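Enquirer: Pasting target36.tsv below, which is TSV, C-alpha atoms.
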```tsv
chain	number	residue	atom	x	y	z
A	453	MET	CA	-0.01	-70.43	-89.25
A	454	LYS	CA	3.39	-70.69	-90.94
A	455	ILE	CA	2.58	-74.08	-92.33
A	456	TYR	CA	-0.55	-72.71	-94.00
A	457	THR	CA	1.48	-70.02	-95.72
A	458	ILE	CA	3.98	-72.60	-96.93
A	459	SER	CA	1.16	-74.81	-98.18
A	460	ILE	CA	-0.49	-71.98	-100.04
A	461	LEU	CA	2.82	-70.99	-101.62
A	462	LEU	CA	3.43	-74.59	-102.63
A	463	ILE	CA	-0.03	-74.95	-104.16
A	464	PHE	CA	0.50	-71.72	-106.00
A	465	SER	CA	3.92	-72.69	-107.38
A	466	PHE	CA	2.61	-76.10	-108.35
A	467	LEU	CA	-0.29	-74.56	-110.26
A	468	LEU	CA	2.05	-72.11	-111.95
A	469	SER	CA	4.46	-74.82	-113.06
A	470	PHE	CA	1.55	-76.95	-114.21
A	471	LYS	CA	0.11	-74.07	-116.21
A	472	ALA	CA	3.45	-73.34	-117.91
A	473	TYR	CA	3.89	-77.05	-118.57
A	474	SER	CA	0.41	-77.61	-120.00
A	475	PHE	CA	0.62	-74.49	-122.14
A	476	GLN	CA	3.73	-75.88	-123.79
A	477	ASN	CA	2.27	-79.33	-124.11
A	478	SER	CA	-1.19	-78.55	-125.35
A	479	GLY	CA	-2.00	-79.50	-128.87
A	480	GLU	CA	0.15	-80.49	-131.74
A	481	PHE	CA	3.93	-80.53	-131.81
A	482	PHE	CA	6.69	-81.75	-134.10
A	483	LYS	CA	9.78	-83.60	-133.01
A	484	ILE	CA	13.25	-82.26	-133.71
A	485	TYR	CA	16.16	-84.67	-133.42
A	486	PRO	CA	19.75	-83.53	-132.93
A	487	ILE	CA	21.88	-84.13	-136.05
A	488	GLY	CA	25.19	-82.88	-134.67
A	489	LYS	CA	27.00	-80.33	-132.58
A	490	VAL	CA	28.97	-77.11	-132.87
A	491	LYS	CA	32.56	-77.74	-131.76
A	492	LYS	CA	34.93	-74.92	-130.90
A	493	LYS	CA	38.51	-75.65	-129.90
A	494	GLY	CA	41.19	-73.01	-130.06
A	495	ASP	CA	41.13	-71.51	-133.55
A	496	SER	CA	39.16	-74.39	-135.02
A	497	THR	CA	35.38	-74.25	-135.40
A	498	CYS	CA	33.42	-77.06	-136.92
A	499	ILE	CA	30.06	-78.74	-137.19
A	500	LYS	CA	30.36	-82.39	-136.24
A	501	ILE	CA	27.50	-84.43	-137.68
A	502	LEU	CA	26.41	-87.65	-135.96
A	503	ASP	CA	27.87	-90.69	-137.72
A	504	ARG	CA	24.46	-91.99	-138.74
A	505	TYR	CA	23.83	-88.81	-140.74
A	506	SER	CA	27.24	-88.46	-142.40
A	507	ASN	CA	25.90	-89.65	-145.79
A	508	ALA	CA	23.61	-86.61	-145.81
A	509	LEU	CA	26.69	-84.39	-146.30
A	510	LYS	CA	27.57	-85.76	-149.74
A	511	GLY	CA	28.13	-82.79	-152.03
A	512	MET	CA	28.47	-80.17	-149.28
A	513	ASN	CA	32.13	-79.66	-150.29
A	514	GLU	CA	30.94	-78.03	-153.55
A	515	PHE	CA	29.37	-75.11	-151.67
A	516	SER	CA	31.17	-72.08	-150.27
A	517	HIS	CA	28.65	-71.41	-147.47
A	518	VAL	CA	26.26	-73.37	-145.30
A	519	ILE	CA	23.20	-72.25	-143.34
A	520	VAL	CA	23.55	-73.80	-139.90
A	521	VAL	CA	20.23	-74.32	-138.11
A	522	TYR	CA	20.77	-74.92	-134.40
A	523	TRP	CA	18.88	-74.89	-131.12
A	524	PHE	CA	19.20	-72.34	-128.29
A	525	ASN	CA	19.57	-75.25	-125.82
A	526	LYS	CA	20.20	-73.05	-122.81
A	527	ASN	CA	16.85	-71.30	-123.15
A	528	ASP	CA	14.66	-74.38	-123.49
A	529	THR	CA	12.37	-73.63	-120.54
A	530	PRO	CA	8.61	-72.90	-120.62
A	531	GLU	CA	9.31	-69.42	-119.24
A	532	LYS	CA	11.81	-68.41	-121.92
A	533	ARG	CA	9.70	-69.98	-124.65
A	534	SER	CA	6.78	-67.80	-123.62
A	535	ILE	CA	8.61	-64.45	-123.88
A	536	LEU	CA	7.10	-62.56	-126.83
A	537	GLN	CA	8.85	-59.19	-126.70
A	538	VAL	CA	12.36	-58.04	-125.77
A	539	HIS	CA	14.70	-55.08	-126.07
A	540	PRO	CA	16.91	-56.36	-128.92
A	541	ARG	CA	20.43	-57.32	-127.80
A	542	GLY	CA	19.39	-56.63	-124.21
A	543	ASN	CA	19.84	-52.91	-124.80
A	544	LYS	CA	17.07	-50.90	-123.12
A	545	GLU	CA	17.59	-48.12	-125.65
A	546	ASN	CA	16.31	-50.42	-128.38
A	547	PRO	CA	12.51	-50.34	-128.55
A	548	MET	CA	10.49	-53.30	-127.24
A	549	THR	CA	10.32	-55.61	-130.23
A	550	GLY	CA	8.51	-58.85	-130.95
A	551	VAL	CA	10.76	-61.91	-130.88
A	552	PHE	CA	9.69	-62.69	-134.48
A	553	ALA	CA	10.98	-59.23	-135.51
A	554	CYS	CA	14.46	-59.72	-134.04
A	555	ARG	CA	16.96	-62.52	-133.53
A	556	ALA	CA	16.49	-62.94	-129.78
A	557	PRO	CA	17.59	-66.32	-128.38
A	558	VAL	CA	14.25	-66.55	-126.54
A	559	ARG	CA	11.27	-67.40	-128.72
A	560	PRO	CA	8.46	-69.99	-128.87
A	561	ASN	CA	10.63	-72.36	-130.91
A	562	LEU	CA	14.31	-71.97	-130.07
A	563	ILE	CA	15.54	-72.10	-133.65
A	564	ALA	CA	18.75	-70.24	-134.55
A	565	LEU	CA	20.00	-69.57	-138.07
A	566	THR	CA	23.38	-68.47	-139.27
A	567	VAL	CA	25.27	-68.42	-142.56
A	568	CYS	CA	28.82	-69.78	-142.25
A	569	LYS	CA	31.74	-69.93	-144.64
A	570	ILE	CA	32.91	-73.50	-145.29
A	571	ILE	CA	36.64	-74.12	-145.04
A	572	SER	CA	36.58	-77.85	-145.74
A	573	VAL	CA	34.42	-80.93	-145.37
A	574	LYS	CA	35.96	-84.14	-144.08
A	575	ARG	CA	33.76	-87.22	-143.64
A	576	ASN	CA	31.24	-86.09	-140.97
A	577	ILE	CA	32.87	-82.76	-140.11
A	578	ILE	CA	32.38	-79.36	-141.73
A	579	TYR	CA	35.14	-76.92	-140.80
A	580	ILE	CA	33.81	-73.34	-140.86
A	581	ASP	CA	35.50	-70.00	-140.33
A	582	LYS	CA	33.38	-68.94	-137.34
A	583	ILE	CA	29.92	-69.18	-135.81
A	584	ASP	CA	28.02	-67.05	-133.31
A	585	ALA	CA	26.96	-70.08	-131.22
A	586	PHE	CA	28.15	-71.68	-128.01
A	587	ASP	CA	30.46	-74.69	-128.11
A	588	GLU	CA	28.33	-77.86	-127.95
A	589	SER	CA	25.18	-76.18	-129.31
A	590	THR	CA	22.90	-78.78	-130.88
A	591	VAL	CA	22.67	-78.58	-134.66
A	592	ILE	CA	19.26	-79.55	-136.07
A	593	ASP	CA	19.62	-78.96	-139.82
A	594	LEU	CA	22.05	-77.81	-142.48
A	595	LYS	CA	21.23	-76.20	-145.80
A	596	PRO	CA	23.54	-75.11	-148.58
A	597	TYR	CA	23.59	-71.34	-149.05
A	598	ILE	CA	22.08	-70.52	-152.46
A	599	PRO	CA	22.09	-66.74	-153.10
A	600	ARG	CA	19.13	-66.93	-155.50
A	601	LEU	CA	16.99	-68.35	-152.68
A	602	ASP	CA	18.59	-66.98	-149.55
A	603	SER	CA	19.54	-63.40	-150.28
A	604	ALA	CA	17.55	-60.30	-151.11
A	605	ARG	CA	19.20	-57.13	-152.36
A	606	LYS	CA	16.47	-54.88	-153.68
A	607	ASP	CA	14.41	-52.54	-151.52
A	608	ILE	CA	16.01	-53.62	-148.23
A	609	ARG	CA	14.46	-51.88	-145.24
A	610	LEU	CA	15.59	-52.18	-141.61
A	611	PRO	CA	14.52	-50.48	-138.38
A	612	GLN	CA	16.69	-47.72	-136.94
A	613	TRP	CA	17.95	-49.82	-134.03
A	614	LEU	CA	19.70	-52.04	-136.57
A	615	ASP	CA	22.18	-49.45	-137.76
A	616	PHE	CA	24.63	-51.90	-139.25
A	617	PRO	CA	26.20	-51.73	-142.68
A	618	LEU	CA	23.85	-53.63	-144.99
A	619	ILE	CA	26.25	-56.20	-146.29
A	620	ASN	CA	28.99	-58.09	-144.56
A	621	GLY	CA	32.06	-58.08	-146.79
B	1252	MET	CA	-0.30	-83.57	-88.87
B	1253	LYS	CA	-2.55	-83.45	-91.92
B	1254	ILE	CA	-0.99	-80.27	-93.17
B	1255	TYR	CA	2.46	-81.88	-93.10
B	1256	THR	CA	1.21	-84.75	-95.21
B	1257	ILE	CA	-0.33	-82.36	-97.71
B	1258	SER	CA	2.87	-80.34	-97.87
B	1259	ILE	CA	4.97	-83.42	-98.46
B	1260	LEU	CA	2.58	-84.61	-101.17
B	1261	LEU	CA	2.70	-81.21	-102.82
B	1262	ILE	CA	6.48	-81.07	-102.78
B	1263	PHE	CA	6.57	-84.57	-104.21
B	1264	SER	CA	4.11	-83.80	-107.02
B	1265	PHE	CA	5.96	-80.61	-107.82
B	1266	LEU	CA	9.24	-82.51	-108.14
B	1267	LEU	CA	7.53	-85.15	-110.29
B	1268	SER	CA	6.12	-82.57	-112.68
B	1269	PHE	CA	9.53	-80.91	-112.88
B	1270	LYS	CA	11.17	-84.25	-113.64
B	1271	ALA	CA	8.58	-85.00	-116.37
B	1272	TYR	CA	9.27	-81.61	-117.85
B	1273	SER	CA	13.04	-81.90	-117.86
B	1274	PHE	CA	12.84	-85.41	-119.29
B	1275	GLN	CA	10.80	-84.04	-122.21
B	1276	ASN	CA	13.42	-81.42	-122.88
B	1277	SER	CA	16.66	-83.30	-122.43
B	1278	GLY	CA	18.33	-85.86	-124.60
B	1279	GLU	CA	16.22	-87.35	-127.29
B	1280	PHE	CA	14.23	-84.61	-129.00
B	1281	PHE	CA	13.05	-81.01	-128.88
B	1282	LYS	CA	9.46	-79.92	-129.30
B	1283	ILE	CA	8.39	-77.55	-132.03
B	1284	TYR	CA	5.01	-75.86	-131.68
B	1285	PRO	CA	3.10	-74.37	-134.62
B	1286	ILE	CA	3.08	-70.57	-134.51
B	1287	GLY	CA	0.93	-70.00	-137.59
B	1288	LYS	CA	0.10	-71.04	-141.11
B	1289	VAL	CA	0.79	-70.11	-144.72
B	1290	LYS	CA	-2.43	-68.94	-146.37
B	1291	LYS	CA	-2.82	-68.68	-150.13
B	1292	LYS	CA	-6.05	-67.41	-151.64
B	1293	GLY	CA	-6.17	-66.11	-155.18
B	1294	ASP	CA	-3.45	-63.50	-155.58
B	1295	SER	CA	-3.05	-63.03	-151.85
B	1296	THR	CA	-0.35	-64.83	-149.88
B	1297	CYS	CA	0.12	-64.34	-146.19
B	1298	ILE	CA	1.47	-65.77	-142.97
B	1299	LYS	CA	-1.27	-65.91	-140.35
B	1300	ILE	CA	0.14	-66.06	-136.84
B	1301	LEU	CA	-1.85	-67.66	-134.02
B	1302	ASP	CA	-3.57	-65.01	-131.89
B	1303	ARG	CA	-1.59	-65.89	-128.78
B	1304	TYR	CA	1.66	-65.03	-130.59
B	1305	SER	CA	0.55	-61.82	-132.30
B	1306	ASN	CA	2.52	-59.63	-129.84
B	1307	ALA	CA	5.69	-61.30	-131.12
B	1308	LEU	CA	5.23	-59.48	-134.45
B	1309	LYS	CA	5.71	-56.00	-133.00
B	1310	GLY	CA	8.23	-54.18	-135.20
B	1311	MET	CA	8.03	-56.59	-138.16
B	1312	ASN	CA	6.52	-53.78	-140.27
B	1313	GLU	CA	9.90	-52.01	-140.21
B	1314	PHE	CA	11.57	-54.79	-142.21
B	1315	SER	CA	11.38	-55.33	-145.96
B	1316	HIS	CA	11.90	-59.10	-145.84
B	1317	VAL	CA	11.18	-61.97	-143.49
B	1318	ILE	CA	12.74	-65.42	-143.25
B	1319	VAL	CA	9.83	-67.84	-142.96
B	1320	VAL	CA	10.72	-71.09	-141.20
B	1321	TYR	CA	8.09	-73.73	-141.84
B	1322	TRP	CA	7.58	-77.47	-141.63
B	1323	PHE	CA	7.32	-79.92	-144.54
B	1324	ASN	CA	4.16	-81.35	-142.93
B	1325	LYS	CA	3.40	-83.75	-145.74
B	1326	ASN	CA	6.70	-85.57	-145.33
B	1327	ASP	CA	6.57	-86.08	-141.58
B	1328	THR	CA	6.89	-89.86	-141.66
B	1329	PRO	CA	9.74	-91.97	-140.25
B	1330	GLU	CA	10.49	-93.20	-143.78
B	1331	LYS	CA	10.88	-89.76	-145.34
B	1332	ARG	CA	12.81	-88.50	-142.33
B	1333	SER	CA	15.36	-91.28	-142.82
B	1334	ILE	CA	16.18	-90.49	-146.47
B	1335	LEU	CA	19.77	-89.16	-146.53
B	1336	GLN	CA	20.45	-88.72	-150.26
B	1337	VAL	CA	18.37	-87.68	-153.26
B	1338	HIS	CA	18.69	-86.51	-156.86
B	1339	PRO	CA	18.06	-82.77	-156.30
B	1340	ARG	CA	14.68	-81.59	-157.62
B	1341	GLY	CA	13.82	-85.20	-158.47
B	1342	ASN	CA	15.94	-84.93	-161.61
B	1343	LYS	CA	17.96	-88.13	-162.20
B	1344	GLU	CA	20.52	-86.12	-164.17
B	1345	ASN	CA	21.47	-84.31	-160.97
B	1346	PRO	CA	24.06	-86.32	-159.00
B	1347	MET	CA	22.99	-88.15	-155.82
B	1348	THR	CA	23.38	-85.49	-153.14
B	1349	GLY	CA	23.11	-85.49	-149.36
B	1350	VAL	CA	19.92	-83.87	-148.05
B	1351	PHE	CA	22.07	-81.44	-146.01
B	1352	ALA	CA	23.72	-80.33	-149.29
B	1353	CYS	CA	20.45	-79.52	-151.07
B	1354	ARG	CA	17.02	-78.17	-150.20
B	1355	ALA	CA	15.10	-81.45	-150.49
B	1356	PRO	CA	11.78	-81.54	-148.62
B	1357	VAL	CA	12.81	-84.87	-147.10
B	1358	ARG	CA	15.40	-84.65	-144.32
B	1359	PRO	CA	15.83	-85.77	-140.69
B	1360	ASN	CA	14.16	-82.58	-139.40
B	1361	LEU	CA	11.59	-81.26	-141.87
B	1362	ILE	CA	12.62	-77.63	-141.58
B	1363	ALA	CA	12.08	-75.35	-144.58
B	1364	LEU	CA	13.51	-71.85	-144.98
B	1365	THR	CA	12.60	-69.14	-147.38
B	1366	VAL	CA	13.15	-65.38	-147.65
B	1367	CYS	CA	9.93	-63.49	-148.48
B	1368	LYS	CA	9.25	-59.88	-149.36
B	1369	ILE	CA	6.86	-58.25	-146.90
B	1370	ILE	CA	3.99	-56.27	-148.41
B	1371	SER	CA	2.31	-55.25	-145.17
B	1372	VAL	CA	1.75	-56.35	-141.58
B	1373	LYS	CA	-1.74	-56.12	-140.06
B	1374	ARG	CA	-2.28	-57.32	-136.51
B	1375	ASN	CA	-1.42	-61.05	-136.69
B	1376	ILE	CA	-1.06	-61.29	-140.49
B	1377	ILE	CA	2.01	-60.68	-142.65
B	1378	TYR	CA	1.14	-60.22	-146.32
B	1379	ILE	CA	4.02	-61.38	-148.52
B	1380	ASP	CA	4.54	-61.29	-152.28
B	1381	LYS	CA	4.93	-65.07	-152.70
B	1382	ILE	CA	6.21	-68.22	-151.05
B	1383	ASP	CA	7.28	-71.58	-152.35
B	1384	ALA	CA	5.18	-73.50	-149.80
B	1385	PHE	CA	1.84	-75.25	-149.86
B	1386	ASP	CA	-1.28	-73.49	-148.60
B	1387	GLU	CA	-1.80	-74.41	-144.92
B	1388	SER	CA	1.88	-75.26	-144.31
B	1389	THR	CA	2.70	-74.92	-140.64
B	1390	VAL	CA	4.95	-71.98	-139.79
B	1391	ILE	CA	7.32	-72.62	-136.88
B	1392	ASP	CA	9.40	-69.43	-136.66
B	1393	LEU	CA	9.90	-66.04	-138.28
B	1394	LYS	CA	13.07	-64.00	-138.39
B	1395	PRO	CA	13.66	-60.58	-139.87
B	1396	TYR	CA	15.99	-60.65	-142.86
B	1397	ILE	CA	19.22	-58.82	-141.96
B	1398	PRO	CA	21.67	-58.76	-144.89
B	1399	ARG	CA	24.71	-58.45	-142.64
B	1400	LEU	CA	23.80	-61.76	-140.99
B	1401	ASP	CA	21.91	-63.60	-143.69
B	1402	SER	CA	23.68	-62.94	-146.94
B	1403	ALA	CA	27.12	-63.77	-148.25
B	1404	ARG	CA	28.52	-62.26	-151.43
B	1405	LYS	CA	32.21	-62.99	-151.53
B	1406	ASP	CA	33.70	-66.21	-152.89
B	1407	ILE	CA	30.35	-67.85	-153.57
B	1408	ARG	CA	30.74	-71.38	-154.88
B	1409	LEU	CA	27.92	-73.66	-156.06
B	1410	PRO	CA	27.87	-77.13	-157.63
B	1411	GLN	CA	27.28	-77.47	-161.37
B	1412	TRP	CA	23.77	-78.87	-160.99
B	1413	LEU	CA	22.75	-75.52	-159.53
B	1414	ASP	CA	23.26	-73.51	-162.69
B	1415	PHE	CA	21.12	-70.59	-161.62
B	1416	PRO	CA	22.03	-66.95	-161.80
B	1417	LEU	CA	23.69	-66.13	-158.48
B	1418	ILE	CA	21.38	-63.38	-157.34
B	1419	ASN	CA	17.67	-63.01	-157.69
B	1420	GLY	CA	16.93	-59.49	-158.89
```
Could you render the structure from this file as structure tokens?
Expert:
Amino acid sequence: MKIYTISILLIFSFLLSFKAYSFQNSGEFFKIYPIGKVKKKGDSTCIKILDRYSNALKGMNEFSHVIVVYWFNKNDTPEKRSILQVHPRGNKENPMTGVFACRAPVRPNLIALTVCKIISVKRNIIYIDKIDAFDESTVIDLKPYIPRLDSARKDIRLPQWLDFPLING
Amino acid sequence: MKIYTISILLIFSFLLSFKAYSFQNSGEFFKIYPIGKVKKKGDSTCIKILDRYSNALKGMNEFSHVIVVYWFNKNDTPEKRSILQVHPRGNKENPMTGVFACRAPVRPNLIALTVCKIISVKRNIIYIDKIDAFDESTVIDLKPYIPRLDSARKDIRLPQWLDFPLING
């Protein structure tokens, strides 16, 4: 009798894992290649670009800020990629919110965005003042911060749960 | 006896599927799945999210702006993904610049970012005022625009070739 129960549980877990797997793998997808890593060591924070991409940094030193696009590596599981709503910042007092309407680190595509202040650029390394990312996070793109394109100032509206000051510094 | 064989086979196939899954997600590349499309029709511009992700929009209506993350579909070739420097905006008078230091639509990962003003949100559609993307571009993520996180105002520095006014509106 026991062995039947185990078998049924196994079949069930297999089907579940297969379903999660095939959901993620059905249809079209694009490939994202790592271009570098976040490195944190003591007071120093930097983005270290893979050697083969270092030429793509030419001119970065002329910008004050960079938009770092990275990957929430730790959450790259079919389960976490299928979460569609959360309480923002894990706070149950915040209303259930769609992952596209907050910055949750669980989402269908585990893309993270953050604007960082550049301290200096040396060969394949961009030293930045700080970043809200784990050490060794995989960086997937970098874009120069251009206020005309990347900032909005008129008619800003935010939900109540985001009761921050509007502008940082 | 039979039931043991079945159990062992099931455990084995479960482990195999797990291995296949973790292989896909470790090392070489990450998978990006389409979440919707840019739709332009006459004066109307919108982001149409796939039905299965519509719950992830809950709360988007409380924001004034959305960061649309999309894919430069047309340039998804190994050749275009290996270009590391360009003359920004195709203008030879602009100095050769690394693709990470400009917004060129050719880059190792064809990620595009743009901040859009939300007009309204209806079920799985976000109507926006405009977007600098082709009709039918594949959308891969959406993030609410939060000035505290997404804008910088102090000590902005830009290269000479970007002789735009600093702020749009």
Enquirer: Return as a PyMOL selection string the residues belonging to chain A that are within 7 Å of chain B, counting all atoms listed in the file.
Expert: chain A and resi 459+462-463+466+480-486+507-512+514-516+536-537+549-555+561+566-567+592-596+599-603+606-611+617-621
Enquirer: Of the residues A:Val490, A:Leu461, A:Ile578, A:Ile570, which is the one nearest to Phe524 of chain A, using all atoms listed in the file?
Expert: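 Of the candidates, the smallest distance to Phe524 of chain A is held by A:Val490.
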Enquirer: Grab the Cα RMSD for chain A fitted onto chain B, all atoms paired in sequence order, one decimal please.
Expert: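 It comes to 11.1 Å after superposition.
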Enquirer: Rounded to one decimal place, report the atom CA of Lys1381 of chain B-atom CA of Asn1342 of chain B distance in Å.
Expert: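 Atom CA of Asn1342 of chain B lies at a distance of 24.4 Å from atom CA of Lys1381 of chain B.
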Enquirer: Which residue out of B:Ser1371, B:Asp1414, B:Thr1256, B:Ile1300 has the minimum interatomic distance to Asn1345 of chain B when all atoms listed in the file are used?
Expert: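 Checking each candidate against Asn1345 of chain B, we get B:Asp1414 as the closest.
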